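Listing of input-v5.pdb, PDB, C-alpha atoms, pLDDT in the B column
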ATOM      1  CA  MET A1374     116.465  74.432 140.587  1.00 41.00           C
ATOM      2  CA  THR A1375     119.859  75.659 141.771  1.00 41.00           C
ATOM      3  CA  GLY A1376     122.363  73.018 142.883  1.00 42.00           C
ATOM      4  CA  SER A1377     124.038  73.102 146.251  1.00 40.00           C
ATOM      5  CA  PRO A1378     127.508  74.643 146.692  1.00 40.00           C
ATOM      6  CA  PHE A1379     128.787  71.173 147.562  1.00 39.00           C
ATOM      7  CA  MET A1380     127.538  69.733 144.280  1.00 39.00           C
ATOM      8  CA  ASN A1381     128.936  72.684 142.330  1.00 41.00           C
ATOM      9  CA  ALA A1382     132.366  72.191 143.917  1.00 43.00           C
ATOM     10  CA  ALA A1383     132.186  68.432 143.257  1.00 42.00           C
ATOM     11  CA  SER A1384     131.283  69.089 139.632  1.00 37.00           C
ATOM     12  CA  ARG A1385     134.215  71.457 139.216  1.00 41.00           C
ATOM     13  CA  ARG A1386     136.587  68.887 140.688  1.00 47.00           C
ATOM     14  CA  SER A1387     135.177  66.202 138.390  1.00 47.00           C
ATOM     15  CA  VAL A1388     135.643  68.372 135.308  1.00 39.00           C
ATOM     16  CA  ALA A1389     139.215  69.240 136.321  1.00 42.00           C
ATOM     17  CA  THR A1390     140.011  65.562 136.900  1.00 52.00           C
ATOM     18  CA  LEU A1391     138.496  64.617 133.559  1.00 42.00           C
ATOM     19  CA  LEU A1392     140.456  67.287 131.674  1.00 42.00           C
ATOM     20  CA  PHE A1393     143.698  66.294 133.374  1.00 53.00           C
ATOM     21  CA  SER A1394     143.144  62.586 132.666  1.00 52.00           C
ATOM     22  CA  THR A1395     142.291  63.304 129.052  1.00 43.00           C
ATOM     23  CA  ALA A1396     145.420  65.398 128.611  1.00 49.00           C
ATOM     24  CA  LEU A1397     147.571  62.589 129.989  1.00 53.00           C
ATOM     25  CA  ALA A1398     145.892  60.046 127.702  1.00 51.00           C
ATOM     26  CA  LEU A1399     146.676  62.162 124.668  1.00 44.00           C
ATOM     27  CA  LEU A1400     150.365  62.547 125.507  1.00 52.00           C
ATOM     28  CA  PRO A1401     152.642  60.001 123.788  1.00 51.00           C
ATOM     29  CA  GLY A1402     154.046  57.399 126.108  1.00 47.00           C
ATOM     30  CA  SER A1403     151.837  58.451 129.006  1.00 46.00           C
ATOM     31  CA  ALA A1404     151.383  54.817 130.012  1.00 45.00           C
ATOM     32  CA  MET A1405     155.086  54.705 130.859  1.00 50.00           C
ATOM     33  CA  ALA A1406     155.161  58.035 132.700  1.00 65.00           C
ATOM     34  CA  ALA A1407     157.258  58.359 135.836  1.00 87.00           C
ATOM     35  CA  GLY A1408     157.257  61.119 138.401  1.00 90.00           C
ATOM     36  CA  ALA A1409     159.695  63.233 140.357  1.00 94.00           C
ATOM     37  CA  VAL A1410     159.575  65.755 143.188  1.00 95.00           C
ATOM     38  CA  PHE A1411     162.497  67.952 144.166  1.00 96.00           C
ATOM     39  CA  ILE A1412     163.716  70.852 146.285  1.00 97.00           C
ATOM     40  CA  LYS A1413     166.398  73.344 145.218  1.00 97.00           C
ATOM     41  CA  GLY A1414     168.454  76.136 146.701  1.00 97.00           C
ATOM     42  CA  GLY A1415     171.029  78.541 145.359  1.00 96.00           C
ATOM     43  CA  ALA A1416     171.431  82.157 144.319  1.00 95.00           C
ATOM     44  CA  MET A1417     169.796  84.398 141.719  1.00 95.00           C
ATOM     45  CA  ASN A1418     171.737  87.332 140.264  1.00 93.00           C
ATOM     46  CA  LEU A1419     169.629  90.346 139.285  1.00 89.00           C
ATOM     47  CA  GLU A1420     170.182  91.840 135.841  1.00 86.00           C
ATOM     48  CA  LYS A1421     169.759  95.368 137.266  1.00 83.00           C
ATOM     49  CA  ASP A1422     170.976  96.295 140.735  1.00 77.00           C
ATOM     50  CA  GLU A1423     170.128 100.031 140.431  1.00 78.00           C
ATOM     51  CA  GLN A1424     166.380 100.570 140.089  1.00 78.00           C
ATOM     52  CA  VAL A1425     163.534 102.962 140.799  1.00 73.00           C
ATOM     53  CA  PHE A1426     160.537 101.777 142.815  1.00 71.00           C
ATOM     54  CA  ARG A1427     157.187 103.486 142.618  1.00 64.00           C
ATOM     55  CA  THR A1428     156.086 104.299 146.154  1.00 56.00           C
ATOM     56  CA  ASN A1429     153.016 105.484 147.999  1.00 53.00           C
ATOM     57  CA  THR A1430     154.788 108.302 149.813  1.00 54.00           C
ATOM     58  CA  SER A1431     157.069 110.137 147.398  1.00 55.00           C
ATOM     59  CA  GLY A1432     156.143 108.873 143.925  1.00 61.00           C
ATOM     60  CA  THR A1433     159.452 107.147 143.184  1.00 69.00           C
ATOM     61  CA  ASP A1434     162.469 106.040 145.140  1.00 71.00           C
ATOM     62  CA  ASN A1435     165.920 105.187 143.803  1.00 77.00           C
ATOM     63  CA  VAL A1436     167.232 101.971 145.342  1.00 79.00           C
ATOM     64  CA  ALA A1437     170.413  99.926 145.179  1.00 82.00           C
ATOM     65  CA  LEU A1438     169.817  96.175 145.340  1.00 85.00           C
ATOM     66  CA  ASP A1439     172.176  93.408 146.369  1.00 87.00           C
ATOM     67  CA  ASP A1440     173.428  91.542 143.308  1.00 85.00           C
ATOM     68  CA  ILE A1441     172.983  88.092 144.836  1.00 89.00           C
ATOM     69  CA  SER A1442     169.751  86.834 146.341  1.00 91.00           C
ATOM     70  CA  ARG A1443     169.266  85.308 149.764  1.00 86.00           C
ATOM     71  CA  GLN A1444     166.723  82.755 150.997  1.00 86.00           C
ATOM     72  CA  THR A1445     166.442  81.251 147.519  1.00 94.00           C
ATOM     73  CA  LEU A1446     164.106  78.249 147.432  1.00 95.00           C
ATOM     74  CA  GLY A1447     162.674  76.136 144.643  1.00 96.00           C
ATOM     75  CA  LEU A1448     160.098  73.317 144.819  1.00 95.00           C
ATOM     76  CA  GLY A1449     158.922  71.225 141.900  1.00 93.00           C
ATOM     77  CA  TRP A1450     157.002  68.239 140.606  1.00 92.00           C
ATOM     78  CA  GLU A1451     157.108  66.726 137.133  1.00 94.00           C
ATOM     79  CA  ILE A1452     155.855  63.843 135.014  1.00 93.00           C
ATOM     80  CA  ARG A1453     158.494  62.079 132.902  1.00 92.00           C
ATOM     81  CA  PHE A1454     157.748  60.292 129.637  1.00 91.00           C
ATOM     82  CA  ARG A1455     159.664  58.174 127.169  1.00 86.00           C
ATOM     83  CA  HIS A1456     162.537  59.595 125.132  1.00 90.00           C
ATOM     84  CA  GLY A1457     163.538  61.990 127.924  1.00 92.00           C
ATOM     85  CA  TRP A1458     160.581  64.358 127.786  1.00 94.00           C
ATOM     86  CA  ALA A1459     159.050  65.813 130.957  1.00 95.00           C
ATOM     87  CA  VAL A1460     156.507  68.443 131.988  1.00 94.00           C
ATOM     88  CA  GLY A1461     156.016  69.896 135.432  1.00 92.00           C
ATOM     89  CA  ILE A1462     155.274  72.799 137.714  1.00 92.00           C
ATOM     90  CA  GLU A1463     157.703  74.705 139.921  1.00 93.00           C
ATOM     91  CA  TYR A1464     157.635  77.270 142.700  1.00 93.00           C
ATOM     92  CA  LEU A1465     160.612  79.636 143.033  1.00 94.00           C
ATOM     93  CA  ARG A1466     161.227  82.312 145.657  1.00 93.00           C
ATOM     94  CA  TYR A1467     164.190  84.651 146.003  1.00 93.00           C
ATOM     95  CA  VAL A1468     164.903  87.750 148.108  1.00 92.00           C
ATOM     96  CA  HIS A1469     167.121  90.765 147.367  1.00 89.00           C
ATOM     97  CA  ARG A1470     167.904  93.376 149.994  1.00 88.00           C
ATOM     98  CA  PHE A1471     167.959  97.014 148.925  1.00 84.00           C
ATOM     99  CA  THR A1472     169.030 100.439 150.192  1.00 81.00           C
ATOM    100  CA  SER A1473     167.161 103.686 149.499  1.00 73.00           C
ATOM    101  CA  SER A1474     169.233 106.529 148.064  1.00 71.00           C
ATOM    102  CA  ALA A1475     166.885 109.047 149.712  1.00 68.00           C
ATOM    103  CA  THR A1476     167.348 107.441 153.130  1.00 69.00           C
ATOM    104  CA  PRO A1477     170.587 105.396 153.155  1.00 68.00           C
ATOM    105  CA  ALA A1478     169.744 103.914 156.546  1.00 67.00           C
ATOM    106  CA  ALA A1479     166.517 102.509 155.105  1.00 68.00           C
ATOM    107  CA  ARG A1480     167.200  98.890 154.268  1.00 78.00           C
ATOM    108  CA  GLY A1481     164.444  96.775 152.792  1.00 82.00           C
ATOM    109  CA  GLU A1482     163.730  93.559 150.922  1.00 84.00           C
ATOM    110  CA  ALA A1483     162.307  92.803 147.491  1.00 85.00           C
ATOM    111  CA  VAL A1484     160.733  89.348 147.618  1.00 87.00           C
ATOM    112  CA  THR A1485     159.989  87.649 144.299  1.00 89.00           C
ATOM    113  CA  VAL A1486     157.892  84.506 143.960  1.00 89.00           C
ATOM    114  CA  ALA A1487     157.129  82.648 140.741  1.00 89.00           C
ATOM    115  CA  GLY A1488     154.859  79.806 139.717  1.00 90.00           C
ATOM    116  CA  LEU A1489     156.266  78.151 136.608  1.00 92.00           C
ATOM    117  CA  VAL A1490     155.141  75.600 134.033  1.00 92.00           C
ATOM    118  CA  THR A1491     158.199  73.824 132.622  1.00 94.00           C
ATOM    119  CA  ALA A1492     158.888  71.453 129.745  1.00 95.00           C
ATOM    120  CA  LYS A1493     162.230  69.601 129.728  1.00 96.00           C
ATOM    121  CA  LYS A1494     164.251  67.290 127.542  1.00 96.00           C
ATOM    122  CA  TYR A1495     166.626  64.871 129.330  1.00 96.00           C
ATOM    123  CA  PHE A1496     169.404  63.285 127.294  1.00 95.00           C
ATOM    124  CA  PHE A1497     171.041  59.826 127.477  1.00 90.00           C
ATOM    125  CA  ASP A1498     168.635  57.035 128.377  1.00 82.00           C
ATOM    126  CA  ASN A1499     171.393  54.924 129.923  1.00 86.00           C
ATOM    127  CA  GLY A1500     173.840  55.751 132.672  1.00 88.00           C
ATOM    128  CA  LYS A1501     173.563  57.966 135.721  1.00 94.00           C
ATOM    129  CA  PHE A1502     174.267  61.415 134.254  1.00 96.00           C
ATOM    130  CA  HIS A1503     171.532  63.144 132.271  1.00 96.00           C
ATOM    131  CA  PRO A1504     171.977  66.693 130.943  1.00 97.00           C
ATOM    132  CA  TYR A1505     168.766  68.562 130.270  1.00 98.00           C
ATOM    133  CA  VAL A1506     167.380  71.733 128.747  1.00 98.00           C
ATOM    134  CA  GLY A1507     163.980  73.278 129.217  1.00 97.00           C
ATOM    135  CA  GLY A1508     161.828  76.339 129.465  1.00 96.00           C
ATOM    136  CA  GLY A1509     158.328  77.606 129.828  1.00 95.00           C
ATOM    137  CA  PHE A1510     156.129  80.318 131.227  1.00 91.00           C
ATOM    138  CA  GLY A1511     154.520  81.338 134.471  1.00 89.00           C
ATOM    139  CA  LEU A1512     153.266  84.096 136.707  1.00 87.00           C
ATOM    140  CA  GLY A1513     155.347  85.941 139.246  1.00 85.00           C
ATOM    141  CA  GLY A1514     154.942  88.559 141.918  1.00 83.00           C
ATOM    142  CA  SER A1515     157.274  90.918 143.783  1.00 82.00           C
ATOM    143  CA  ASP A1516     156.793  92.629 147.120  1.00 80.00           C
ATOM    144  CA  ALA A1517     159.116  95.472 148.151  1.00 78.00           C
ATOM    145  CA  ASN A1518     158.993  96.506 151.782  1.00 78.00           C
ATOM    146  CA  ASN A1519     161.011  98.654 154.166  1.00 75.00           C
ATOM    147  CA  LEU A1520     158.242  99.768 156.494  1.00 61.00           C
ATOM    148  CA  ASP A1521     160.486  99.316 159.518  1.00 64.00           C
ATOM    149  CA  TYR A1522     162.638 102.183 158.236  1.00 59.00           C
ATOM    150  CA  GLY A1523     160.130 104.900 157.443  1.00 56.00           C
ATOM    151  CA  GLY A1524     157.683 103.348 155.016  1.00 56.00           C
ATOM    152  CA  LEU A1525     159.355 104.508 151.808  1.00 55.00           C
ATOM    153  CA  VAL A1526     158.301 101.409 149.892  1.00 60.00           C
ATOM    154  CA  ASP A1527     155.383  99.065 150.477  1.00 57.00           C
ATOM    155  CA  GLU A1528     154.218  97.787 147.103  1.00 57.00           C
ATOM    156  CA  SER A1529     153.480  94.498 145.394  1.00 62.00           C
ATOM    157  CA  SER A1530     152.561  93.451 141.859  1.00 63.00           C
ATOM    158  CA  SER A1531     152.469  90.444 139.553  1.00 72.00           C
ATOM    159  CA  SER A1532     153.261  89.828 135.891  1.00 82.00           C
ATOM    160  CA  PRO A1533     153.913  87.039 133.346  1.00 88.00           C
ATOM    161  CA  ILE A1534     157.272  85.263 133.247  1.00 90.00           C
ATOM    162  CA  LEU A1535     159.308  83.495 130.583  1.00 94.00           C
ATOM    163  CA  HIS A1536     162.101  81.221 131.786  1.00 96.00           C
ATOM    164  CA  ALA A1537     164.760  78.794 130.552  1.00 97.00           C
ATOM    165  CA  VAL A1538     166.939  76.190 132.255  1.00 98.00           C
ATOM    166  CA  LEU A1539     170.107  74.208 131.468  1.00 98.00           C
ATOM    167  CA  GLY A1540     171.262  71.526 133.873  1.00 98.00           C
ATOM    168  CA  MET A1541     172.720  68.147 134.770  1.00 98.00           C
ATOM    169  CA  GLU A1542     171.005  65.418 136.773  1.00 97.00           C
ATOM    170  CA  LEU A1543     172.664  62.511 138.576  1.00 97.00           C
ATOM    171  CA  ARG A1544     170.299  59.568 139.144  1.00 94.00           C
ATOM    172  CA  VAL A1545     171.174  57.065 141.868  1.00 93.00           C
ATOM    173  CA  ASP A1546     168.436  54.485 142.412  1.00 89.00           C
ATOM    174  CA  HIS A1547     165.355  56.579 143.184  1.00 91.00           C
ATOM    175  CA  LEU A1548     167.282  59.713 144.127  1.00 95.00           C
ATOM    176  CA  SER A1549     167.985  62.669 141.859  1.00 95.00           C
ATOM    177  CA  TYR A1550     170.744  65.282 142.313  1.00 97.00           C
ATOM    178  CA  MET A1551     170.608  68.368 140.110  1.00 97.00           C
ATOM    179  CA  LEU A1552     172.847  71.290 139.202  1.00 98.00           C
ATOM    180  CA  GLU A1553     171.285  73.881 136.918  1.00 98.00           C
ATOM    181  CA  VAL A1554     171.519  77.385 135.532  1.00 98.00           C
ATOM    182  CA  ARG A1555     168.155  79.146 135.329  1.00 96.00           C
ATOM    183  CA  THR A1556     167.155  82.505 133.869  1.00 95.00           C
ATOM    184  CA  LEU A1557     163.858  84.361 134.279  1.00 94.00           C
ATOM    185  CA  ALA A1558     162.529  87.352 132.342  1.00 91.00           C
ATOM    186  CA  HIS A1559     160.229  89.050 134.828  1.00 85.00           C
ATOM    187  CA  GLU A1560     159.173  92.643 135.425  1.00 81.00           C
ATOM    188  CA  SER A1561     156.679  93.713 138.077  1.00 73.00           C
ATOM    189  CA  ARG A1562     155.158  96.537 136.074  1.00 68.00           C
ATOM    190  CA  HIS A1563     153.019  98.198 138.722  1.00 67.00           C
ATOM    191  CA  LEU A1564     155.880  98.288 141.201  1.00 69.00           C
ATOM    192  CA  GLY A1565     158.447  99.124 138.541  1.00 71.00           C
ATOM    193  CA  PHE A1566     160.791  96.406 139.821  1.00 77.00           C
ATOM    194  CA  GLU A1567     162.846  94.554 137.211  1.00 83.00           C
ATOM    195  CA  ALA A1568     163.055  91.110 138.807  1.00 83.00           C
ATOM    196  CA  SER A1569     164.729  89.382 135.843  1.00 89.00           C
ATOM    197  CA  ALA A1570     167.595  87.240 137.107  1.00 93.00           C
ATOM    198  CA  THR A1571     169.952  84.388 136.274  1.00 95.00           C
ATOM    199  CA  GLY A1572     171.168  81.976 138.896  1.00 95.00           C
ATOM    200  CA  VAL A1573     172.697  78.646 139.834  1.00 97.00           C
ATOM    201  CA  LEU A1574     170.652  76.128 141.812  1.00 97.00           C
ATOM    202  CA  LEU A1575     171.487  72.814 143.477  1.00 97.00           C
ATOM    203  CA  GLY A1576     168.716  70.321 144.110  1.00 97.00           C
ATOM    204  CA  VAL A1577     167.800  66.902 145.378  1.00 97.00           C
ATOM    205  CA  GLY A1578     164.713  64.906 144.524  1.00 96.00           C
ATOM    206  CA  PHE A1579     162.930  61.582 144.561  1.00 95.00           C
ATOM    207  CA  ILE A1580     161.981  59.639 141.421  1.00 93.00           C
ATOM    208  CA  TRP A1581     159.365  56.904 141.195  1.00 89.00           C
TER     209      TRP A1581
END
This structure in structure tokens:
Amino acid sequence: MTGSPFMNAASRRSVATLLFSTALALLPGSAMAAGAVFIKGGAMNLEKDEQVFRTNTSGTDNVALDDISRQTLGLGWEIRFRHGWAVGIEYLRYVHRFTSSATPAARGEAVTVAGLVTAKKYFFDNGKFHPYVGGGFGLGGSDANNLDYGGLVDESSSSPILHAVLGMELRVDHLSYMLEVRTLAHESRHLGFEASATGVLLGVGFIW
């Protein structure tokens, strides 16, 4: 007898909850875990500002990208354990405008989004200032679009990401203020867009 869709969904949620709870139980110091949520903004600097996009209309298109991103946004959540260790997930989005060499008037945007899994090590148990280092992996996607200027580029793709971070956190009561340098190795292979970038981000968060 086949179960109902509701029961199947409930079973999947139960299994996911069980796996997550088991993972937390196996982590050292999980009983003393704390949490944090944060939002960040800043600028990401592309490693390559001259690139070639694969397009639907002409095969390829040479483009010149702005060095510095705009509309850069990061959101995150993490669990913090004893001895300064933490694991979490992050969402990062940054936008670079570009100009087509074939049609100089054709301005467009390359939008990159990334979902990241991050492990961190915070230093100094006492005091308010806590430097940290970290890194991890994730999945990212880029969407290049200048349809308003002739449709030269309208492509999107996704690919794996490796990333690293170095930063400083100021803790005041339950508030967290962060300054960090972050680098991502990311290439959207189908699009041909090298989205690898290094940037500086400022953030604020809440710790409980």
Quick one: distance from atom CA of A:Gly1511 to atom CA of A:Arg1480 in Å, one decimal? 29.3 Å
Hits of the PyMOL selection byres ((chain A and resi 1435) around 7) in this structure, as a list in words: Gln1424, Val1425, Phe1426, Thr1433, Asp1434, Val1436, Ser1473 and Ser1474 of chain A
Env of A:Val1577: 9 Å cut, atoms = only C-alpha atoms, seq-sep filter 4 positions within chain, self excluded. Answer as a VMD selection string. chain A and resid 1410 to 1413 1548 to 1551
Using only C-alpha atoms, determine which residues lie at most 6 Å from A:His1536, disregarding the query and same-chain residues fewer than 6 positions distant; provide the list as a ChimeraX atom specification. /A:1508-1509,1556-1557
Which residue gives the smallest distance to A:His1559 among A:Val1468, A:Leu1575, A:Ala1437, A:Leu1512, with only C-alpha atoms counted?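 Checking each of A:Val1468, A:Leu1575, A:Ala1437, A:Leu1512 against A:His1559, counting only C-alpha atoms, the winner is A:Leu1512.
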Please enumerate the residues selected by the PyMOL selection byres ((chain A and resi 1581) around 9) when evaluated against the supplied file, formatted as a ChimeraX atom specification. /A:1407-1409,1547-1548,1579-1580
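The residue that comes closest to A:Gly1500, out of A:Thr1571, A:Leu1448, A:Glu1542, A:Asp1422 and on the basis of all atoms listed in the file, is A:Glu1542.
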Check what the PyMOL selection byres ((chain A and resi 1481) around 7) selects in the file above and give those residues as a PyMOL selection string. chain A and resi 1470-1472+1479-1480+1482-1483+1518-1519
Which residue is closest to A:Asp1439? Choose from A:Asn1418, A:Trp1458, A:Ser1532, A:Leu1489 and count all atoms listed in the file. A:Asn1418
